[in-house]
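Q: Sending over my_file.pdb (PDB, C-alpha atoms).
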ATOM      1  CA  MET A 275      23.094  73.898  13.639
ATOM      2  CA  ALA A 276      22.145  73.707  10.073
ATOM      3  CA  GLY A 277      25.742  72.937   9.210
ATOM      4  CA  ALA A 278      25.929  70.190  11.820
ATOM      5  CA  SER A 279      22.744  68.550  10.679
ATOM      6  CA  SER A 280      23.862  68.679   7.078
ATOM      7  CA  GLU A 281      27.130  67.115   8.171
ATOM      8  CA  GLN A 282      25.242  64.344   9.985
ATOM      9  CA  GLY A 283      23.217  63.827   6.903
ATOM     10  CA  GLU A 284      26.331  63.424   4.835
ATOM     11  CA  ASN A 285      27.733  60.873   7.324
ATOM     12  CA  LYS A 286      24.662  58.659   7.056
ATOM     13  CA  LEU A 287      25.534  55.437   5.321
ATOM     14  CA  ASN A 288      23.149  53.732   3.048
ATOM     15  CA  VAL A 289      23.608  50.268   4.581
ATOM     16  CA  GLU A 290      22.363  47.436   2.435
ATOM     17  CA  LEU A 291      22.810  43.866   3.591
ATOM     18  CA  ASN A 292      24.212  41.491   1.043
ATOM     19  CA  LEU A 293      21.685  38.671   1.202
ATOM     20  CA  VAL A 294      23.193  36.409  -1.449
ATOM     21  CA  PRO A 295      25.829  34.661   0.760
ATOM     22  CA  PHE A 296      23.211  34.363   3.484
ATOM     23  CA  ILE A 297      20.880  32.552   1.082
ATOM     24  CA  ASP A 298      23.766  30.331  -0.016
ATOM     25  CA  LEU A 299      24.436  29.379   3.573
ATOM     26  CA  LEU A 300      20.779  28.711   4.312
ATOM     27  CA  SER A 301      20.280  26.617   1.190
ATOM     28  CA  SER A 302      23.341  24.506   2.032
ATOM     29  CA  LEU A 303      21.961  24.039   5.551
ATOM     30  CA  VAL A 304      18.576  23.009   4.167
ATOM     31  CA  LEU A 305      20.194  20.511   1.815
ATOM     32  CA  PHE A 306      22.342  19.069   4.594
ATOM     33  CA  LEU A 307      19.380  18.695   6.938
ATOM     34  CA  LEU A 308      17.212  17.153   4.217
ATOM     35  CA  VAL A 309      19.873  14.578   3.393
ATOM     36  CA  THR A 310      20.608  13.671   7.004
ATOM     37  CA  ALA A 311      16.985  13.732   8.194
ATOM     38  CA  VAL A 312      15.514  10.470   9.432
ATOM     39  CA  TRP A 313      11.951  10.272   8.224
ATOM     40  CA  LEU A 314      11.049   6.980   9.842
ATOM     41  CA  GLN A 315      10.701   7.397  13.575
ATOM     42  CA  VAL A 316      11.445   4.344  15.648
ATOM     43  CA  GLY A 317      10.397   3.614  19.196
ATOM     44  CA  THR A 318      10.878   0.547  21.325
ATOM     45  CA  ILE A 319       8.861  -1.618  23.653
ATOM     46  CA  PRO A 320      11.057  -2.956  26.408
ATOM     47  CA  ALA A 321      10.106  -6.610  26.634
ATOM     48  CA  SER A 322      10.404  -8.158  30.045
ATOM     49  CA  VAL A 323      11.056 -11.629  28.785
ATOM     50  CA  GLU A 324      10.025 -14.713  30.682
ATOM     51  CA  SER A 325      11.310 -18.073  29.649
ATOM     52  CA  SER A 326      11.117 -21.569  31.065
ATOM     53  CA  GLY A 327      12.641 -21.688  34.521
ATOM     54  CA  LYS A 328      13.255 -17.926  34.521
ATOM     55  CA  ALA A 329      10.249 -16.341  36.191
ATOM     56  CA  LEU A 330      10.600 -12.612  35.846
ATOM     57  CA  PHE A 331       8.424 -11.608  38.746
ATOM     58  CA  SER A 332       7.994 -13.176  42.123
ATOM     59  CA  GLN A 333       4.247 -12.769  41.822
ATOM     60  CA  ALA A 334       2.462 -16.094  41.627
ATOM     61  CA  GLU A 335       0.878 -17.214  38.375
ATOM     62  CA  GLN A 336      -2.646 -16.897  39.761
ATOM     63  CA  ASP A 337      -2.090 -13.285  40.776
ATOM     64  CA  ARG A 338      -1.642 -11.909  37.319
ATOM     65  CA  LEU A 339      -3.426 -11.479  34.043
ATOM     66  CA  THR A 340      -2.298 -13.664  31.161
ATOM     67  CA  VAL A 341      -3.294 -13.071  27.570
ATOM     68  CA  HIS A 342      -2.602 -15.887  25.165
ATOM     69  CA  LEU A 343      -2.976 -15.471  21.402
ATOM     70  CA  ASN A 344      -4.026 -18.488  19.405
ATOM     71  CA  SER A 345      -5.615 -19.156  16.058
ATOM     72  CA  THR A 346      -9.138 -18.490  17.392
ATOM     73  CA  GLY A 347      -8.502 -15.273  19.329
ATOM     74  CA  PHE A 348      -7.379 -14.207  22.799
ATOM     75  CA  ASP A 349      -7.534 -16.450  25.870
ATOM     76  CA  LEU A 350      -7.506 -14.503  29.118
ATOM     77  CA  THR A 351      -6.627 -15.783  32.564
ATOM     78  CA  TRP A 352      -7.565 -13.256  35.202
ATOM     79  CA  PRO A 353      -5.797 -12.872  38.527
ATOM     80  CA  LYS A 354      -7.514 -14.552  41.464
ATOM     81  CA  ILE A 355      -7.475 -11.287  43.394
ATOM     82  CA  ALA A 356     -10.112  -9.961  41.046
ATOM     83  CA  SER A 357     -13.433 -10.892  42.575
ATOM     84  CA  PHE A 358     -15.212 -10.652  39.257
ATOM     85  CA  ASN A 359     -16.925 -13.789  38.158
ATOM     86  CA  SER A 360     -18.247 -12.197  35.029
ATOM     87  CA  LEU A 361     -14.866 -11.357  33.500
ATOM     88  CA  VAL A 362     -14.566 -12.660  29.989
ATOM     89  CA  SER A 363     -12.049 -15.424  29.465
ATOM     90  CA  LYS A 364     -12.099 -15.496  25.676
ATOM     91  CA  VAL A 365     -12.146 -12.791  22.995
ATOM     92  CA  PRO A 366     -12.684 -14.525  19.644
ATOM     93  CA  LYS A 367     -11.550 -13.206  16.298
ATOM     94  CA  VAL A 368     -14.034 -11.083  14.353
ATOM     95  CA  ALA A 369     -14.231 -12.078  10.671
ATOM     96  CA  GLY A 370     -10.901 -13.862  11.004
ATOM     97  CA  VAL A 371      -9.129 -10.830  12.495
ATOM     98  CA  TYR A 372      -7.975 -10.236  16.071
ATOM     99  CA  SER A 373     -10.276  -7.629  17.603
ATOM    100  CA  PHE A 374      -8.137  -5.333  19.720
ATOM    101  CA  GLN A 375     -11.090  -3.035  20.327
ATOM    102  CA  LYS A 376     -12.988  -5.889  21.981
ATOM    103  CA  LEU A 377      -9.904  -6.918  23.936
ATOM    104  CA  GLU A 378      -9.463  -3.384  25.253
ATOM    105  CA  ALA A 379     -13.159  -3.176  26.120
ATOM    106  CA  VAL A 380     -12.785  -6.361  28.185
ATOM    107  CA  LEU A 381      -9.554  -5.182  29.805
ATOM    108  CA  ASN A 382     -11.103  -1.866  30.744
ATOM    109  CA  ILE A 383     -13.730  -3.662  32.874
ATOM    110  CA  PHE A 384     -10.940  -4.502  35.294
ATOM    111  CA  PRO A 385     -10.946  -1.856  38.043
ATOM    112  CA  LYS A 386      -8.125   0.666  37.760
ATOM    113  CA  THR A 387      -6.206   0.650  40.991
ATOM    114  CA  ALA A 388      -2.986   2.258  42.083
ATOM    115  CA  LYS A 389      -1.311  -1.119  42.022
ATOM    116  CA  MET A 390      -2.364  -2.886  38.887
ATOM    117  CA  PRO A 391      -1.585  -6.593  38.657
ATOM    118  CA  LEU A 392       1.211  -7.800  36.460
ATOM    119  CA  SER A 393       0.337  -9.108  33.057
ATOM    120  CA  ALA A 394       1.947 -11.490  30.616
ATOM    121  CA  VAL A 395       1.503 -12.121  26.920
ATOM    122  CA  SER A 396       2.121 -15.453  25.296
ATOM    123  CA  SER A 397       1.318 -16.704  21.840
ATOM    124  CA  ASP A 398       1.196 -19.692  19.559
ATOM    125  CA  ASP A 399       4.161 -19.961  17.194
ATOM    126  CA  GLY A 400       2.140 -19.298  14.049
ATOM    127  CA  VAL A 401       0.712 -15.956  15.175
ATOM    128  CA  GLU A 402       2.162 -12.861  13.498
ATOM    129  CA  TYR A 403       4.661 -10.875  15.582
ATOM    130  CA  GLY A 404       2.748  -7.652  14.884
ATOM    131  CA  MET A 405      -0.331  -9.065  16.636
ATOM    132  CA  VAL A 406       1.707  -9.829  19.765
ATOM    133  CA  ILE A 407       3.098  -6.288  19.808
ATOM    134  CA  GLU A 408      -0.403  -4.876  19.409
ATOM    135  CA  THR A 409      -1.590  -7.017  22.335
ATOM    136  CA  ILE A 410       1.205  -5.662  24.539
ATOM    137  CA  ASP A 411       0.236  -2.154  23.458
ATOM    138  CA  SER A 412      -3.442  -2.800  24.261
ATOM    139  CA  LEU A 413      -2.521  -4.022  27.746
ATOM    140  CA  LYS A 414      -0.380  -0.958  28.394
ATOM    141  CA  ARG A 415      -3.120   1.351  27.179
ATOM    142  CA  SER A 416      -5.562  -0.350  29.531
ATOM    143  CA  GLY A 417      -3.399   0.435  32.532
ATOM    144  CA  PHE A 418      -1.363  -2.758  32.834
ATOM    145  CA  SER A 419       1.977  -0.988  32.811
ATOM    146  CA  ILE A 420       4.168  -4.038  33.441
ATOM    147  CA  VAL A 421       3.780  -6.552  30.658
ATOM    148  CA  ALA A 422       5.968  -9.637  30.452
ATOM    149  CA  LEU A 423       6.544 -11.483  27.215
ATOM    150  CA  SER A 424       6.515 -15.227  27.584
ATOM    151  CA  VAL A 425       8.751 -17.128  25.184
ATOM    152  CA  ASP A 426       8.163 -20.637  26.521
TER     153      ASP A 426
ATOM    154  CA  MET B1271      44.696  70.296 -29.140
ATOM    155  CA  PRO B1272      43.249  67.096 -27.699
ATOM    156  CA  LEU B1273      40.171  65.800 -29.383
ATOM    157  CA  HIS B1274      37.053  65.646 -27.196
ATOM    158  CA  ARG B1275      34.261  63.303 -27.993
ATOM    159  CA  ALA B1276      31.083  65.171 -28.374
ATOM    160  CA  ARG B1277      28.698  64.314 -25.539
ATOM    161  CA  LEU B1278      25.048  64.404 -26.178
ATOM    162  CA  ARG B1279      22.537  65.597 -23.652
ATOM    163  CA  ILE B1280      19.324  63.597 -23.224
ATOM    164  CA  SER B1281      17.444  66.371 -24.855
ATOM    165  CA  ASP B1282      19.618  65.813 -27.892
ATOM    166  CA  TYR B1283      18.702  62.121 -28.146
ATOM    167  CA  THR B1284      16.497  60.984 -30.934
ATOM    168  CA  GLU B1285      13.016  59.724 -30.083
ATOM    169  CA  ARG B1286      14.019  56.221 -31.058
ATOM    170  CA  ARG B1287      16.970  56.219 -28.661
ATOM    171  CA  LYS B1288      14.857  57.689 -25.850
ATOM    172  CA  SER B1289      12.262  54.955 -26.191
ATOM    173  CA  ARG B1290      14.985  52.307 -26.286
ATOM    174  CA  LEU B1291      16.471  53.654 -23.041
ATOM    175  CA  LYS B1292      13.052  53.633 -21.393
ATOM    176  CA  HIS B1293      12.508  50.062 -22.505
ATOM    177  CA  GLN B1294      15.885  49.042 -21.068
ATOM    178  CA  GLU B1295      15.039  50.704 -17.758
ATOM    179  CA  ARG B1296      11.740  48.874 -17.622
ATOM    180  CA  ARG B1297      13.489  45.577 -18.276
ATOM    181  CA  ILE B1298      15.980  46.163 -15.490
ATOM    182  CA  ARG B1299      13.183  46.944 -13.070
ATOM    183  CA  MET B1300      11.433  43.667 -13.883
ATOM    184  CA  VAL B1301      14.508  41.552 -13.137
ATOM    185  CA  SER B1302      15.035  42.779  -9.580
ATOM    186  CA  LEU B1303      14.287  39.936  -7.133
ATOM    187  CA  SER B1304      12.945  40.342  -3.636
ATOM    188  CA  LEU B1305      15.389  38.295  -1.592
ATOM    189  CA  THR B1306      13.922  39.040   1.818
ATOM    190  CA  SER B1307      10.987  36.678   1.449
ATOM    191  CA  MET B1308      13.330  34.013   0.124
ATOM    192  CA  VAL B1309      15.545  34.347   3.189
ATOM    193  CA  ASP B1310      12.463  34.134   5.413
ATOM    194  CA  MET B1311      11.361  30.943   3.700
ATOM    195  CA  PHE B1312      14.788  29.351   4.021
ATOM    196  CA  ALA B1313      15.047  30.334   7.660
ATOM    197  CA  ILE B1314      11.667  28.728   8.416
ATOM    198  CA  LEU B1315      12.725  25.574   6.561
ATOM    199  CA  VAL B1316      15.989  25.377   8.489
ATOM    200  CA  ILE B1317      14.198  25.799  11.830
ATOM    201  CA  PHE B1318      11.632  23.124  10.904
ATOM    202  CA  LEU B1319      14.316  20.640   9.862
ATOM    203  CA  LEU B1320      16.437  21.342  12.929
ATOM    204  CA  VAL B1321      13.481  20.781  15.246
ATOM    205  CA  ASN B1322      12.368  17.594  13.508
ATOM    206  CA  SER B1323      15.750  16.028  12.989
ATOM    207  CA  SER B1324      16.661  13.431  15.546
ATOM    208  CA  THR B1325      19.851  11.528  15.968
ATOM    209  CA  VAL B1326      18.246   9.004  18.296
ATOM    210  CA  SER B1327      16.456   7.123  15.549
ATOM    211  CA  ARG B1328      19.719   6.468  13.784
ATOM    212  CA  TRP B1329      20.768   4.110  16.540
ATOM    213  CA  ILE B1330      18.301   1.574  15.280
ATOM    214  CA  GLU B1331      18.762   0.740  11.658
ATOM    215  CA  VAL B1332      15.697  -0.398   9.746
ATOM    216  CA  SER B1333      16.375  -1.851   6.308
ATOM    217  CA  HIS B1334      15.805  -5.068   4.305
ATOM    218  CA  ASN B1335      12.184  -4.033   3.589
ATOM    219  CA  ILE B1336      11.208  -4.451   7.213
ATOM    220  CA  ASP B1337       7.734  -3.172   7.991
ATOM    221  CA  LEU B1338       7.693  -2.433  11.718
ATOM    222  CA  PRO B1339       4.660  -3.203  13.888
ATOM    223  CA  LYS B1340       2.890  -0.121  15.212
ATOM    224  CA  ALA B1341       2.305   0.799  18.849
ATOM    225  CA  LYS B1342       1.000   3.816  20.717
ATOM    226  CA  ILE B1343       2.900   3.541  23.988
ATOM    227  CA  VAL B1344       6.600   3.439  23.149
ATOM    228  CA  ASP B1345       9.908   4.300  24.756
ATOM    229  CA  PRO B1346      12.733   6.128  23.002
ATOM    230  CA  PRO B1347      15.239   3.743  21.422
ATOM    231  CA  LYS B1348      18.433   2.929  23.266
ATOM    232  CA  LYS B1349      21.873   2.472  21.827
ATOM    233  CA  ALA B1350      22.771  -1.206  21.730
ATOM    234  CA  ALA B1351      23.475  -4.086  19.391
ATOM    235  CA  THR B1352      20.672  -4.509  16.847
ATOM    236  CA  ILE B1353      19.374  -7.567  15.022
ATOM    237  CA  GLN B1354      17.033  -7.275  12.069
ATOM    238  CA  ILE B1355      14.603 -10.059  11.226
ATOM    239  CA  SER B1356      13.072  -9.791   7.786
ATOM    240  CA  PRO B1357      11.224 -12.467   5.779
ATOM    241  CA  GLU B1358      14.531 -12.975   3.890
ATOM    242  CA  GLY B1359      16.662 -13.771   6.917
ATOM    243  CA  ILE B1360      18.371 -12.445  10.017
ATOM    244  CA  PHE B1361      20.714  -9.491   9.579
ATOM    245  CA  SER B1362      23.036  -7.277  11.568
ATOM    246  CA  GLY B1363      23.215  -4.037   9.646
ATOM    247  CA  GLU B1364      23.918  -5.092   6.063
ATOM    248  CA  ALA B1365      25.544  -8.370   7.045
ATOM    249  CA  LEU B1366      23.482 -11.532   6.688
ATOM    250  CA  ILE B1367      23.701 -13.714   9.794
ATOM    251  CA  ALA B1368      21.314 -16.456   8.740
ATOM    252  CA  ASN B1369      19.125 -16.862   5.692
ATOM    253  CA  LYS B1370      15.443 -17.819   5.769
ATOM    254  CA  GLY B1371      16.372 -21.504   5.802
ATOM    255  CA  VAL B1372      16.807 -21.279   9.580
ATOM    256  CA  PHE B1373      13.198 -20.186  10.020
ATOM    257  CA  LYS B1374      12.152 -23.822   9.802
ATOM    258  CA  GLY B1375      12.853 -26.010  12.750
ATOM    259  CA  GLY B1376      13.102 -25.227  16.415
ATOM    260  CA  GLY B1377      15.488 -24.481  19.208
ATOM    261  CA  GLU B1378      18.220 -21.879  19.290
ATOM    262  CA  ILE B1379      19.703 -20.507  16.088
ATOM    263  CA  SER B1380      23.355 -21.600  16.073
ATOM    264  CA  LEU B1381      24.496 -19.044  13.453
ATOM    265  CA  LEU B1382      22.970 -16.220  15.494
ATOM    266  CA  LYS B1383      24.523 -17.568  18.682
ATOM    267  CA  GLU B1384      27.928 -17.613  17.038
ATOM    268  CA  PHE B1385      27.455 -14.032  15.839
ATOM    269  CA  LEU B1386      26.303 -12.849  19.263
ATOM    270  CA  SER B1387      29.297 -14.434  20.975
ATOM    271  CA  HIS B1388      31.477 -11.826  19.204
ATOM    272  CA  SER B1389      29.093  -8.916  19.911
ATOM    273  CA  ASP B1390      29.638  -6.271  22.537
ATOM    274  CA  LYS B1391      27.597  -7.120  25.625
ATOM    275  CA  LYS B1392      28.449  -3.886  27.413
ATOM    276  CA  GLU B1393      24.849  -2.654  27.326
ATOM    277  CA  GLY B1394      23.425  -6.025  28.394
ATOM    278  CA  PHE B1395      20.440  -5.765  26.098
ATOM    279  CA  ILE B1396      19.714  -6.036  22.427
ATOM    280  CA  ASN B1397      17.358  -4.256  20.024
ATOM    281  CA  ILE B1398      15.258  -6.544  17.853
ATOM    282  CA  VAL B1399      13.907  -5.026  14.656
ATOM    283  CA  ALA B1400      11.470  -7.504  13.164
ATOM    284  CA  HIS B1401       9.004  -7.469  10.311
ATOM    285  CA  THR B1402       5.396  -7.351  11.483
ATOM    286  CA  LYS B1403       4.398 -10.489   9.520
ATOM    287  CA  VAL B1404       7.177 -12.712  10.875
ATOM    288  CA  PRO B1405       5.769 -15.644  12.902
ATOM    289  CA  PHE B1406       6.121 -15.208  16.647
ATOM    290  CA  GLY B1407       7.708 -18.659  16.899
ATOM    291  CA  LEU B1408      10.797 -17.281  15.161
ATOM    292  CA  ILE B1409      10.933 -14.281  17.507
ATOM    293  CA  LYS B1410      10.763 -16.666  20.477
ATOM    294  CA  ARG B1411      13.745 -18.593  19.102
ATOM    295  CA  VAL B1412      15.719 -15.385  18.497
ATOM    296  CA  ILE B1413      14.969 -14.086  22.000
ATOM    297  CA  SER B1414      15.947 -17.427  23.551
ATOM    298  CA  THR B1415      19.213 -17.381  21.582
ATOM    299  CA  CYS B1416      19.909 -13.797  22.693
ATOM    300  CA  GLN B1417      19.259 -14.695  26.325
ATOM    301  CA  SER B1418      21.526 -17.715  26.261
ATOM    302  CA  SER B1419      24.233 -15.525  24.650
ATOM    303  CA  GLY B1420      24.203 -13.029  27.505
ATOM    304  CA  PHE B1421      21.653 -10.472  26.287
ATOM    305  CA  HIS B1422      19.030 -10.798  28.993
ATOM    306  CA  ASP B1423      16.919  -7.763  28.130
ATOM    307  CA  VAL B1424      15.315  -7.225  24.777
ATOM    308  CA  ASN B1425      13.906  -4.066  23.223
ATOM    309  CA  LEU B1426      11.422  -4.609  20.423
ATOM    310  CA  ALA B1427      11.501  -1.879  17.780
ATOM    311  CA  VAL B1428       8.126  -0.451  16.778
ATOM    312  CA  GLU B1429       6.796   2.417  14.729
ATOM    313  CA  PRO B1430       5.153   4.993  16.981
ATOM    314  CA  ARG B1431       1.501   5.516  16.146
ATOM    315  CA  ALA B1432      -0.243   8.810  16.855
ATOM    316  CA  ARG B1433      -2.270   8.608  20.059
TER     317      ARG B1433
END
Could you express the structure from this file as structure tokens?

A:
Amino acid sequence: MAGASSEQGENKLNVELNLVPFIDLLSSLVLFLLVTAVWLQVGTIPASVESSGKALFSQAEQDRLTVHLNSTGFDLTWPKIASFNSLVSKVPKVAGVYSFQKLEAVLNIFPKTAKMPLSAVSSDDGVEYGMVIETIDSLKRSGFSIVALSVD
Amino acid sequence: MPLHRARLRISDYTERRKSRLKHQERRIRMVSLSLTSMVDMFAILVIFLLVNSSTVSRWIEVSHNIDLPKAKIVDPPKKAATIQISPEGIFSGEALIANKGVFKGGGEISLLKEFLSHSDKKEGFINIVAHTKVPFGLIKRVISTCQSSGFHDVNLAVEPRAR
């Protein structure tokens, strides 16, 4: 027995992993991934575009919410199906800046139903594109999932 | 008779040599590097970069100092023809389609229309990457031009904002 165990002991290999090539491989991988990484993430907003003579939805004009951006603020036209007389029709700029917080507060008054009305965004030509995108985003966040972009 | 070199035993070493050997041993011990932690660190880095890398974003090229508008509710980008609108002009990749001179005026942009007539309309839609400060009037004209050239759907590129 003693002989066998001593034999086993002699057969034991002192295994030591060579880590250097492994580190080389990992560092090359890190470099490759760092070089090819895309740091700026990009998303998209699918714009359902409406233009003159090309109505996107069959829904009548009076049955949907329209938000128009002009130099003074937002003009809102509410759908006729909403029996709210107190709904705000204008959200003015605050200190010369479009107030998206106020717009969202107004939009959130509209009752959330399973079938939300369609909405459309239009704008004056001089308004910055970023403001239009933010308006679309505000509408979507307030539950108006289908937002058309009017380019008339 | 072959000559044998006299071999000294450690006990025969002089004190000076003994101390030198000890010093050498100490130096060797200090150099040894623990590679395991280094491997761990690299492995974590690789996993992080693999998880965060995305090939999807590459489909939409953003260059020419374009500052994208930000939005919270966004869709993943789709592979299609892409137009970039910067304050310097309208581009497709690195190629200039129209310089900022076309920003003035109205109606469709003829240079863009000509470019789009050669573009692949297989997808049926186009990605528009525009600078946030560009006037919306210009975007309207670009969209109208795209629509009349056969690109009926438009995806507007935005920078996702944390919810």

Q: Pull the closest atom pair for each residue of chain A that gets at most 10 Å from chain B, along with the distance in Å to one decimal, counting only C-alpha atoms, ordering rows by chain and then ascending residue number, as CSV.

A:
residue,atom,partner,partner_atom,distance
A:Asn292,CA,B:Leu1305,CA,9.7
A:Leu293,CA,B:Leu1305,CA,6.9
A:Val294,CA,B:Leu1305,CA,8.0
A:Phe296,CA,B:Val1309,CA,7.7
A:Ile297,CA,B:Val1309,CA,6.0
A:Asp298,CA,B:Val1309,CA,9.7
A:Leu299,CA,B:Phe1312,CA,9.7
A:Leu300,CA,B:Phe1312,CA,6.0
A:Ser301,CA,B:Phe1312,CA,6.8
A:Ser302,CA,B:Val1316,CA,9.8
A:Leu303,CA,B:Val1316,CA,6.8
A:Val304,CA,B:Val1316,CA,5.6
A:Leu305,CA,B:Val1316,CA,9.3
A:Phe306,CA,B:Leu1319,CA,9.7
A:Leu307,CA,B:Leu1319,CA,6.2
A:Leu308,CA,B:Leu1319,CA,7.2
A:Thr310,CA,B:Ser1323,CA,8.1
A:Ala311,CA,B:Ser1323,CA,5.5
A:Val312,CA,B:Ser1323,CA,6.6
A:Trp313,CA,B:Ser1323,CA,8.4
A:Leu314,CA,B:Ser1327,CA,7.9
A:Gln315,CA,B:Ser1327,CA,6.1
A:Val316,CA,B:Glu1429,CA,5.1
A:Gly317,CA,B:Pro1346,CA,5.1
A:Thr318,CA,B:Ala1427,CA,4.3
A:Ile319,CA,B:Leu1426,CA,5.1
A:Pro320,CA,B:Asn1425,CA,4.4
A:Ala321,CA,B:Val1424,CA,5.6
A:Ser322,CA,B:Asp1423,CA,6.8
A:Val323,CA,B:Asp1423,CA,7.1
A:Glu324,CA,B:Ser1414,CA,9.7
A:Ser325,CA,B:Ser1414,CA,7.7
A:Ser326,CA,B:Ser1414,CA,9.8
A:Ser396,CA,B:Phe1406,CA,9.5
A:Ser397,CA,B:Phe1406,CA,7.2
A:Asp398,CA,B:Gly1407,CA,7.1
A:Asp399,CA,B:Gly1407,CA,3.8
A:Gly400,CA,B:Pro1405,CA,5.3
A:Val401,CA,B:Pro1405,CA,5.6
A:Glu402,CA,B:Pro1405,CA,4.6
A:Tyr403,CA,B:Phe1406,CA,4.7
A:Gly404,CA,B:Thr1402,CA,4.3
A:Met405,CA,B:Thr1402,CA,7.9
A:Val406,CA,B:Phe1406,CA,7.6
A:Ile407,CA,B:Pro1339,CA,6.9
A:Glu408,CA,B:Ala1341,CA,6.3
A:Thr409,CA,B:Ala1341,CA,9.4
A:Ile410,CA,B:Ala1341,CA,8.7
A:Asp411,CA,B:Ala1341,CA,5.9
A:Ser412,CA,B:Ala1341,CA,8.7
A:Lys414,CA,B:Ile1343,CA,7.1
A:Arg415,CA,B:Ile1343,CA,7.2
A:Ser419,CA,B:Ile1343,CA,10.0
A:Leu423,CA,B:Lys1410,CA,9.5
A:Ser424,CA,B:Lys1410,CA,8.4
A:Val425,CA,B:Lys1410,CA,5.1
A:Asp426,CA,B:Lys1410,CA,7.7

Q: Give me a file of those residues, with C-alpha atoms, as a short mmCIF file (atom, residue, chain, number, x, y, z; two decimals), in the coordinates of the input.

A:
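Now in part19.cif:
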data_model
loop_
_atom_site.label_atom_id
_atom_site.label_comp_id
_atom_site.auth_asym_id
_atom_site.auth_seq_id
_atom_site.Cartn_x
_atom_site.Cartn_y
_atom_site.Cartn_z
CA ASN A 292 24.21 41.49 1.04
CA LEU A 293 21.68 38.67 1.20
CA VAL A 294 23.19 36.41 -1.45
CA PHE A 296 23.21 34.36 3.48
CA ILE A 297 20.88 32.55 1.08
CA ASP A 298 23.77 30.33 -0.02
CA LEU A 299 24.44 29.38 3.57
CA LEU A 300 20.78 28.71 4.31
CA SER A 301 20.28 26.62 1.19
CA SER A 302 23.34 24.51 2.03
CA LEU A 303 21.96 24.04 5.55
CA VAL A 304 18.58 23.01 4.17
CA LEU A 305 20.19 20.51 1.82
CA PHE A 306 22.34 19.07 4.59
CA LEU A 307 19.38 18.70 6.94
CA LEU A 308 17.21 17.15 4.22
CA THR A 310 20.61 13.67 7.00
CA ALA A 311 16.98 13.73 8.19
CA VAL A 312 15.51 10.47 9.43
CA TRP A 313 11.95 10.27 8.22
CA LEU A 314 11.05 6.98 9.84
CA GLN A 315 10.70 7.40 13.58
CA VAL A 316 11.44 4.34 15.65
CA GLY A 317 10.40 3.61 19.20
CA THR A 318 10.88 0.55 21.32
CA ILE A 319 8.86 -1.62 23.65
CA PRO A 320 11.06 -2.96 26.41
CA ALA A 321 10.11 -6.61 26.63
CA SER A 322 10.40 -8.16 30.04
CA VAL A 323 11.06 -11.63 28.78
CA GLU A 324 10.02 -14.71 30.68
CA SER A 325 11.31 -18.07 29.65
CA SER A 326 11.12 -21.57 31.06
CA SER A 396 2.12 -15.45 25.30
CA SER A 397 1.32 -16.70 21.84
CA ASP A 398 1.20 -19.69 19.56
CA ASP A 399 4.16 -19.96 17.19
CA GLY A 400 2.14 -19.30 14.05
CA VAL A 401 0.71 -15.96 15.18
CA GLU A 402 2.16 -12.86 13.50
CA TYR A 403 4.66 -10.88 15.58
CA GLY A 404 2.75 -7.65 14.88
CA MET A 405 -0.33 -9.06 16.64
CA VAL A 406 1.71 -9.83 19.76
CA ILE A 407 3.10 -6.29 19.81
CA GLU A 408 -0.40 -4.88 19.41
CA THR A 409 -1.59 -7.02 22.34
CA ILE A 410 1.20 -5.66 24.54
CA ASP A 411 0.24 -2.15 23.46
CA SER A 412 -3.44 -2.80 24.26
CA LYS A 414 -0.38 -0.96 28.39
CA ARG A 415 -3.12 1.35 27.18
CA SER A 419 1.98 -0.99 32.81
CA LEU A 423 6.54 -11.48 27.22
CA SER A 424 6.52 -15.23 27.58
CA VAL A 425 8.75 -17.13 25.18
CA ASP A 426 8.16 -20.64 26.52
#

Q: Please provide the set of residues having any atom within 9 Å of Glu1393 in chain B, restricted to all atoms listed in the file, with same-chain residues fewer than 5 positions apart removed, written as a PyMOL selection string.

A: chain B and resi 1349-1351+1421

Q: How many Å separate CA of His1334 in chain B from CA of Thr1415 in chain B?

A: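 Answer for the CA of His1334 in chain B to CA of Thr1415 in chain B separation: 21.5 Å.
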
Q: Specify as a ChimeraX atom specification each residue included when the PyMOL selection byres ((chain A and resi 340) around 12) is applied to this file.

A: /A:334-339,341-343,348-354,363-364,381,391-397,409-410,413,418,420-424

Q: Is it possible to get the residues within 12 Å of (19.8, -18.3, 4.0) (coordinates as in the file, counting only C-alpha atoms) written as a PyMOL selection string?

A: chain B and resi 1356-1361+1365-1374+1381

Q: Once the PyMOL selection byres ((chain A and resi 366) around 12) has been evaluated on this model, what residues remain selected, and can you format them as a ChimeraX atom specification?

A: /A:342-350,362-365,367-377,380

Q: Can I get the selected residues back with C-alpha atoms, as a tab-separated table (two decimals), in the frame of the given file?

A:
chain	number	residue	atom	x	y	z
A	342	HIS	CA	-2.60	-15.89	25.16
A	343	LEU	CA	-2.98	-15.47	21.40
A	344	ASN	CA	-4.03	-18.49	19.40
A	345	SER	CA	-5.62	-19.16	16.06
A	346	THR	CA	-9.14	-18.49	17.39
A	347	GLY	CA	-8.50	-15.27	19.33
A	348	PHE	CA	-7.38	-14.21	22.80
A	349	ASP	CA	-7.53	-16.45	25.87
A	350	LEU	CA	-7.51	-14.50	29.12
A	362	VAL	CA	-14.57	-12.66	29.99
A	363	SER	CA	-12.05	-15.42	29.46
A	364	LYS	CA	-12.10	-15.50	25.68
A	365	VAL	CA	-12.15	-12.79	23.00
A	367	LYS	CA	-11.55	-13.21	16.30
A	368	VAL	CA	-14.03	-11.08	14.35
A	369	ALA	CA	-14.23	-12.08	10.67
A	370	GLY	CA	-10.90	-13.86	11.00
A	371	VAL	CA	-9.13	-10.83	12.50
A	372	TYR	CA	-7.98	-10.24	16.07
A	373	SER	CA	-10.28	-7.63	17.60
A	374	PHE	CA	-8.14	-5.33	19.72
A	375	GLN	CA	-11.09	-3.04	20.33
A	376	LYS	CA	-12.99	-5.89	21.98
A	377	LEU	CA	-9.90	-6.92	23.94
A	380	VAL	CA	-12.78	-6.36	28.18
